[in-house]
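S.K.: Once you've had a glance at the structure underneath, I'll fire off some questions.
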Amino acid sequence: MDSDQRLIELINEGDADAFEILYRRYRDWVYNLAWRFTGSPQDALDVLQETFTYLLGKFPGFSLTASMTTFLYPVVRHISLTVRSKNRRFTSDEEMLSEITAPASKETQGSRSELAAVMACTA
């Protein structure tokens, strides 16, 4: 099994299989860390994809000066926090609307019928 440093050398030389090995070696670690940051399995998958897309963009010319997890941790953290804050902005209104329930009374049913009739006339 090649070391991370050797895999990076191979990737810098254009070896796509070496990147796949590096991906398979760290994908579970990245996913689990992203899940802890985001609290969502779907968001963690998005972070996983973004993290390795970011890493791939570093090649050729990438040089690893620490362990791979030391390099990846701040990347995963930053992307996770960005995804989490972006999703909160877009889902907060939906969550609020789903929590609102209309009373189901006969009076409400009549109001809905009247509203539907008014809307049909104006359309």
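Going through the structure tokens in order, the chains are called A, B, and so on, while each chain numbers its residues from 1 and the ligands are numbered from 1 in the order shown.
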List the neighbours of Val75 of chain A out to 10 Å using only C-alpha atoms; skip same-chain residues closer than 4 positions along the sequence, and give me the result as a list in words.
M.R.: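 In the requested form, the answer reads Val30, Val47, Glu50, Thr51, Phe52, Tyr54, Leu55, Thr69, Thr70, Phe71, Ile79 and Ser80 of chain A.
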S.K.: Taking 3 positions as the minimum chain separation for residues in the same chain, which residues sit within 9 Å of Leu45 of chain A when counting only C-alpha atoms? Answer as an NGL selection string.
M.R.: :A and (31 or 34-35 or 40-42 or 48-50)
S.K.: Counting only C-alpha atoms, which residue out of A:Thr53, A:Gln5, A:Thr82, A:Thr38 sits closest to Tyr23 of chain A?
M.R.: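 When distances to Tyr23 of chain A are compared using only C-alpha atoms, the smallest one comes from A:Thr53.
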S.K.: Give me the residues within 10 Å of Glu20 of chain A as a list in words, counting only C-alpha atoms and dropping any in the same chain fewer than 4 places off.
M.R.: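 With the cut-off at 10 Å, the set is Leu7, Ile11, Asp15, Ala16, Arg24 and Arg25 of chain A.
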S.K.: Report the distance between atom CA of Met68 of chain A and atom CA of Arg6 of chain A in Å, rounded to one decimal place.
M.R.: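 Spanning atom CA of Met68 of chain A to atom CA of Arg6 of chain A is a straight-line distance of 12.1 Å.
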S.K.: Using backbone DSSP assignments, extract all alpha helix (DSSP H) residues from segment 4-68 of chain A; output them as a PyMOL selection string.
M.R.: chain A and resi 4-12+16-38+41-57+68
